[in-house]
Amino acid sequence: MAGKLHVESIMASEVDHGSTLDSSPSLAATEAPMVIRKSEAAKVSMLALRWGAVFVGLLLVAILWQWLGRAYSSEFSGADESAHFVTGLMIRDYVAAGFPTTPMKFAEEYYVHYPKVAFGMWGPLLHVTEAAWMLVFPPTRVFLLLLMAMISASTAFLLCRSLVDEFGGVLAVLAGLLFLTVPAVQHHTGMIMADILVALMDFCAALAFGRYLNRREWKYSMWFGVFVSLSVLTKANGVALVLLPGFAIVFGRNWNILKEKSFWAAVALVGCIAGPWQYYSAKALIDIQYRRPVGMFISGYTWTVLTLFGVALLPVVAAGVYDRLILPAWRRSLDGIWASAAALVCSVWAFHCMVPVLGVDWRYLIAVVPPLLMFLIAGIRAIARWIAFLPIGPRRRLWGTAAVVVVVFLTSNFSIPQKRYFGFDEVAERLEYPQYKNSVILVSSDTLDGEGMLISEIAMREKRPSHIVLRATKMLSQSDWMGERYSLLYNTPEEVMNFLEGTPVEVVVIQDGAGPTEYPDHKLLRQTIDRYSAEW
């Protein structure tokens with residue numbers, strides 16, 4: 001009995017002591033919440049570490065594809081690559097020089113030396129990003145390609161984050177890896193081009209609008225407006241996002257959203273930020289670009305969108321569209337993220353069908369790769385669920401389906417696009433010799449990209465400004481930006497020779513055999529050099 005009374009007295013004592021915790025916390029009482037907070041902080045730190053490792057892994061994969069595609073050992077040979085580089089370099093040099101004169105005067109003087117400045121041809125975001133990057137890191141091919149790899153890896157990372165809650169980490173990371181592995185993405189990750197940055201901005205805009213559909217909060221509408229503006233300020237392709245809300249509203253039948261003030265606030269934001277630039281750009285370019293009739297490439301763009309991952313995987317994408325778009329829309333339970341993802345695909349497709357320039361181009365459709373990969377992953381999950389009749393567990397069905405999709409992709413659609421090397425870096429190195437210092441150089445090529453390759457290689461190496469580089473397509477002929485409406489300015493070797501002596505041109509660089517056709521000015525210059533070979 002004594003023992004029993006003793007135990008009861010201790011319990012009573014503890015109860016009495018606990019009644020005073022609110023007024024005077026004991027050490028034991030304060031330690032428990034601290035342990036919980038430390039545990040939560042550890043989980044957050046571990047999660048951040050894991051996602052950091054995922055991003056680094058994706059970045060290394062992007063760099064690997066660049067290296068295997070010979071991007072680091074080739075010139076800026078893409079269609080607009082040299083223009084993007086020189087324009088960004090000009091902004092960088094203008095800031096580094098301490099804003100020595102007005103922007104227009106500086107650009108005009110810069111163009112005299114490096115006639116590939118194209119500010120206004122595209123939005124300024126990529127060029128400003130390049131300039132900021134080159135103020136921190138050297139303006140070399142390696143560091144600029146690392147910037148492009150980071151942009152692609154960021155898109156892949158965002159794709160992972162958008163899928164992980166619904167499909168788990170493995171399938172989410174698989175989507176990110178597949179994005180970087182799609183040949184069109186590989187090819188343009190190895191170039192200084194605007195389309196990769198447009199894809200990132202477009203995907204951010206789609207996710208923001210998807211969250212707005214789900215939550216109807218002002219901040220997501222504003223973020224949508226911001227990313228639409230950034231996409232337009234990167235390239236005119238970003239205007240496709242103007243169509244996204246319409247498609248998303250139709251898919252989800254969210255007609256009442258048109259009554260929301262927050263919805264129209266995003267429209268006003270885009271009009272204020274991106275509208276003036278787009279108006280200025282469209283007005284400036286209307287006479288220098290030749291455009292085909294509207295709707296001329298509907299079939300081409302439709303087929304390209306449907307087969308971005310190959311014909312064999314089209315049924316898997318279709319399964320994802322049925323499972324995450326059609327069926328929920330029929331049941332009026334469509335999630336805003338999936339409605340917005342489908343709307344991004346449709347808006348990019350519709351825009352390029354309505355506003356084509358020369359023809360179907362894979363790079364214009366890079367923006368639809370992330371949302372299509374979302375439906376591909378959804379299709380993997382749906383197919384694994386539909387084949388439940390097989391005598392294997394659900395996890396094995398899922399991994400088996402994913403493995404089959406990966407094998408099909410790698411065997412039917414995978415390739416590593418190779419960037420061609422032309423040798424302009426060796427020419428640029430030679431022109432840095434003392435005997436060619438500050439010389440006037442005329443470059444001619446049987447492809448439009450050849451002139452830009454030499455200009456960018458020279459600008460990358462020398463203390464700017466130094467050489468004056470002249471382009472044969474501008475000095476000996478005239479045409480619009482795309483090489484259309486072409487005409488010669490000189491007709492005979494004698495006339496060309498008089499131009500060379502009167503300028504005076506001290507060095508002529510001629511590239512033969514690079515393109516499928518030979519421009520008349522290039523042929524005429526070759527004839528001039530052959531006729532007056534004793535003087536050159």
# chains A, B, ... in the order shown; residues from 1 in each chain; ligands from 1
$ residues_around --residues "segment 491-496 of chain A" --least-positions-apart "5" --cutoff "7 Å" --atoms "only C-alpha atoms" --output "list in words"
Leu524, Gln527 and Thr528 of chain A
$ residues_around --residues "segment 432-442 of chain A" --least-positions-apart "2" --cutoff "10 Å" --atoms "only C-alpha atoms" --output "NGL selection string"
:A and (113 or 427-430 or 444 or 451 or 455 or 458 or 461-463 or 465-472 or 475 or 500 or 503-510)
$ residues_around --residues "Asp512 of chain A" --least-positions-apart "5" --cutoff "10 Å" --atoms "only C-alpha atoms" --output "ChimeraX atom specification"
/A:444-447,450,518,522-523,526
$ closest_residue --among "A:Phe76, A:Tyr94, A:Tyr421, A:Phe55" --to "Thr155 of chain A" --atoms "only C-alpha atoms"
A:Phe55
$ residues_around --residues "segment 363-366 of chain A" --least-positions-apart "6" --cutoff "8 Å" --atoms "only C-alpha atoms" --output "list of chain:residue names"
A:Ala184, A:Val185, A:His188, A:Asp195, A:Ile196, A:Ala199, A:Asn237, A:Val305, A:Val348, A:Trp349, A:His352
$ select_by_dssp --residues "segment 214-393 of chain A" --states "alpha helix (DSSP H)" --output "ChimeraX atom specification"
/A:214-215,218-232,244-252,261-285,298-306,314-321,327-330,336-354,369-386
